[in-house]
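For reference, input10.cif is printed below; it contains mmCIF, C-alpha atoms.
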data_my_file
#
loop_
_atom_site.label_atom_id
_atom_site.label_comp_id
_atom_site.auth_asym_id
_atom_site.auth_seq_id
_atom_site.Cartn_x
_atom_site.Cartn_y
_atom_site.Cartn_z
CA MET A 2 -0.82 6.90 -24.14
CA SER A 3 1.65 9.74 -23.92
CA ASP A 4 1.28 13.50 -24.07
CA THR A 5 3.43 15.96 -26.04
CA PHE A 6 5.04 19.26 -25.08
CA THR A 7 3.95 22.58 -26.56
CA GLU A 8 6.59 24.91 -27.94
CA SER A 9 6.11 27.23 -24.95
CA SER A 10 6.67 24.30 -22.57
CA ARG A 11 9.81 23.32 -24.50
CA ALA A 12 11.07 26.89 -24.08
CA ILE A 13 10.81 26.55 -20.29
CA PHE A 14 12.76 23.27 -20.34
CA ALA A 15 15.47 25.02 -22.38
CA LYS A 16 16.04 27.54 -19.56
CA ARG A 17 18.27 27.04 -16.53
CA VAL A 18 15.34 25.89 -14.41
CA LEU A 19 15.50 23.24 -11.74
CA ALA A 20 12.93 20.51 -12.06
CA HIS A 21 11.56 18.60 -9.08
CA VAL A 22 11.35 14.85 -9.55
CA ALA A 23 9.01 12.81 -7.36
CA THR A 24 9.68 9.09 -7.02
CA LEU A 25 8.22 6.40 -4.79
CA ASP A 26 10.22 4.62 -2.08
CA GLY A 27 9.78 0.89 -1.59
CA ASP A 28 7.11 1.54 1.05
CA GLY A 29 5.24 3.94 -1.27
CA ALA A 30 6.44 7.12 0.43
CA PRO A 31 7.21 10.02 -1.93
CA ASN A 32 10.74 11.30 -2.43
CA VAL A 33 11.21 14.67 -4.15
CA THR A 34 14.55 15.89 -5.47
CA PRO A 35 15.59 18.99 -7.46
CA VAL A 36 17.44 18.03 -10.66
CA TRP A 37 18.92 19.45 -13.82
CA VAL A 38 16.78 18.53 -16.80
CA GLU A 39 16.60 18.58 -20.59
CA LEU A 40 14.31 17.29 -23.29
CA ASP A 41 15.21 14.68 -25.88
CA GLY A 42 12.40 14.74 -28.39
CA GLU A 43 9.26 14.09 -26.37
CA CYS A 44 11.12 12.63 -23.38
CA ILE A 45 12.53 14.25 -20.25
CA VAL A 46 16.15 13.41 -19.42
CA ILE A 47 17.68 13.61 -15.96
CA ASN A 48 20.96 12.31 -14.60
CA THR A 49 21.82 10.96 -11.16
CA ALA A 50 24.23 8.51 -9.56
CA LEU A 51 23.66 4.86 -8.80
CA GLY A 52 23.02 4.30 -5.11
CA ARG A 53 21.04 7.50 -4.61
CA ALA A 54 17.42 7.26 -3.49
CA LYS A 55 15.96 8.50 -6.76
CA ALA A 56 18.07 6.04 -8.78
CA ARG A 57 17.00 3.15 -6.52
CA ASN A 58 13.37 4.23 -6.64
CA LEU A 59 13.27 4.70 -10.41
CA ALA A 60 15.01 1.38 -11.03
CA THR A 61 12.30 -0.46 -9.10
CA ASP A 62 9.18 1.63 -9.84
CA PRO A 63 9.03 3.49 -13.18
CA ARG A 64 6.28 5.89 -12.10
CA VAL A 65 7.52 9.44 -11.74
CA ALA A 66 6.31 13.02 -11.56
CA VAL A 67 8.30 16.05 -12.69
CA SER A 68 7.45 19.70 -12.12
CA LEU A 69 9.11 22.96 -13.00
CA THR A 70 8.28 26.66 -12.80
CA ASP A 71 9.29 29.24 -15.38
CA PRO A 72 12.02 31.32 -13.68
CA ASP A 73 10.91 34.36 -15.69
CA ASP A 74 7.22 33.96 -14.85
CA PRO A 75 6.54 32.20 -11.53
CA SER A 76 2.83 31.90 -12.37
CA THR A 77 3.69 29.50 -15.21
CA SER A 78 4.45 25.90 -14.34
CA ILE A 79 4.54 22.47 -15.92
CA ALA A 80 3.65 19.22 -14.15
CA VAL A 81 4.30 15.86 -15.77
CA ARG A 82 3.29 12.37 -14.73
CA GLY A 83 5.42 9.89 -16.60
CA THR A 84 7.08 6.54 -16.91
CA VAL A 85 10.78 5.71 -16.95
CA VAL A 86 11.56 4.25 -20.37
CA GLY A 87 15.37 4.42 -20.19
CA PHE A 88 17.83 3.82 -17.38
CA THR A 89 21.45 3.54 -18.49
CA THR A 90 25.02 4.23 -17.46
CA ILE A 91 26.14 4.28 -21.10
CA GLY A 92 26.94 7.88 -22.03
CA ALA A 93 25.78 9.15 -18.64
CA ASP A 94 29.02 11.06 -17.95
CA GLU A 95 28.56 12.96 -21.22
CA VAL A 96 24.95 13.79 -20.30
CA ILE A 97 25.90 15.22 -16.90
CA ASP A 98 28.70 17.23 -18.54
CA ARG A 99 26.19 18.65 -21.06
CA LEU A 100 23.81 19.54 -18.22
CA ALA A 101 26.69 21.18 -16.32
CA LYS A 102 27.35 23.35 -19.38
CA LYS A 103 23.69 24.41 -19.47
CA TYR A 104 23.31 25.04 -15.73
CA VAL A 105 26.69 26.33 -14.54
CA GLY A 106 28.61 27.07 -17.74
CA ALA A 107 31.26 24.41 -17.00
CA ASP A 108 32.60 22.09 -19.68
CA ARG A 109 32.58 19.22 -17.18
CA PHE A 110 30.47 18.33 -14.17
CA GLY A 111 32.65 19.37 -11.23
CA ASP A 112 31.13 17.23 -8.51
CA HIS A 113 32.19 13.75 -9.66
CA ARG A 114 32.87 11.61 -6.62
CA GLU A 115 35.45 8.85 -6.74
CA GLY A 116 33.83 5.56 -7.70
CA GLU A 117 30.52 7.23 -8.53
CA ILE A 118 28.63 5.76 -11.47
CA ARG A 119 26.33 8.17 -13.25
CA VAL A 120 23.04 7.04 -14.77
CA THR A 121 20.82 8.77 -17.29
CA VAL A 122 17.08 8.38 -16.80
CA THR A 123 14.68 8.95 -19.70
CA ILE A 124 11.06 9.70 -18.83
CA ARG A 125 8.14 9.43 -21.23
CA PRO A 126 5.40 11.92 -20.32
CA ASP A 127 2.03 10.22 -19.89
CA ARG A 128 0.21 13.36 -18.77
CA ILE A 129 1.37 16.97 -19.09
CA SER A 130 -0.37 19.83 -17.26
CA ARG A 131 0.53 23.48 -17.67
CA GLN A 132 -0.58 26.42 -15.56
CA PRO A 133 -2.00 28.62 -16.83
CA GLU A 134 -3.46 26.40 -19.52
#
File written out as structure tokens:
Amino acid sequence: MSDTFTESSRAIFAKRVLAHVATLDGDGAPNVTPVWVELDGECIVINTALGRAKARNLATDPRVAVSLTDPDDPSTSIAVRGTVVGFTTIGADEVIDRLAKKYVGADRFGDHREGEIRVTVTIRPDRISRQPE
């Protein structure tokens, strides 16, 4: 079963707001990382690089939590528990470039490291909570 986003929640995702993604390490310990984020239909899309903790964690355990706070109203937040339903390097450079445009106004992501392989992660929301409700 999956949940859907309200229009007001979608409006928050459309802003330049950092999301915090919580993954689980191999020993079950949480790992939280701020990320750039966008929606694709009912799914959350993030981008990272292979070899990073969140990429390793999400490749082995698809359970994830994502939270964000409206930068224009700090009393409004969204918390999502979800499942990774996509994990691909195909088109990942284009996704990070699109996110760079949204977040820093650059046509291209400026922090590409030599040999780095980007990966796009698609998250299906299973449970969406919004404060205030």
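Coordinates place atom CA of Ile91 of chain A at a distance of 12.4 Å from atom CA of Ala50 of chain A.
Shortest separation to Val85 of chain A among A:Glu117, A:Asp108, A:Asp62, A:Glu39 occurs at residue A:Asp62, atoms counted being only C-alpha atoms.
Each of A:Ala54, A:Ala15, A:Ile79, A:Ala66 was checked against Asp41 of chain A using only C-alpha atoms; the smallest atom-to-atom distance is that of A:Ala15.
Distance check against Leu19 of chain A using only C-alpha atoms: of A:Leu51, A:Val86, A:Cys44, A:Val36, the minimum falls on A:Val36.
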Item to complete: Using the chain letters and numbers from the file, give me the residues hit by the PyMOL selection byres ((chain A and resi 134) around 10), as an MDAnalysis selection string.
Response: chainID A and resid 77:79 130:133
Worksheet item: Can you tell me, as a PyMOL selection string, which residues sit within 10 Å of (10.7, 23.7, -21.3) in the file's frame, using all atoms listed in the file?
Response: chain A and resi 6-18+38-40+45+69-71+78-79
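The smallest atom-to-atom distance between Thr61 of chain A and any of A:Thr84, A:Thr90, A:Thr121, A:Thr34, using only C-alpha atoms, is found for A:Thr84.
Taking atom CA of Gly52 of chain A and atom CA of Ala93 of chain A as endpoints, the distance between them is 14.6 Å.
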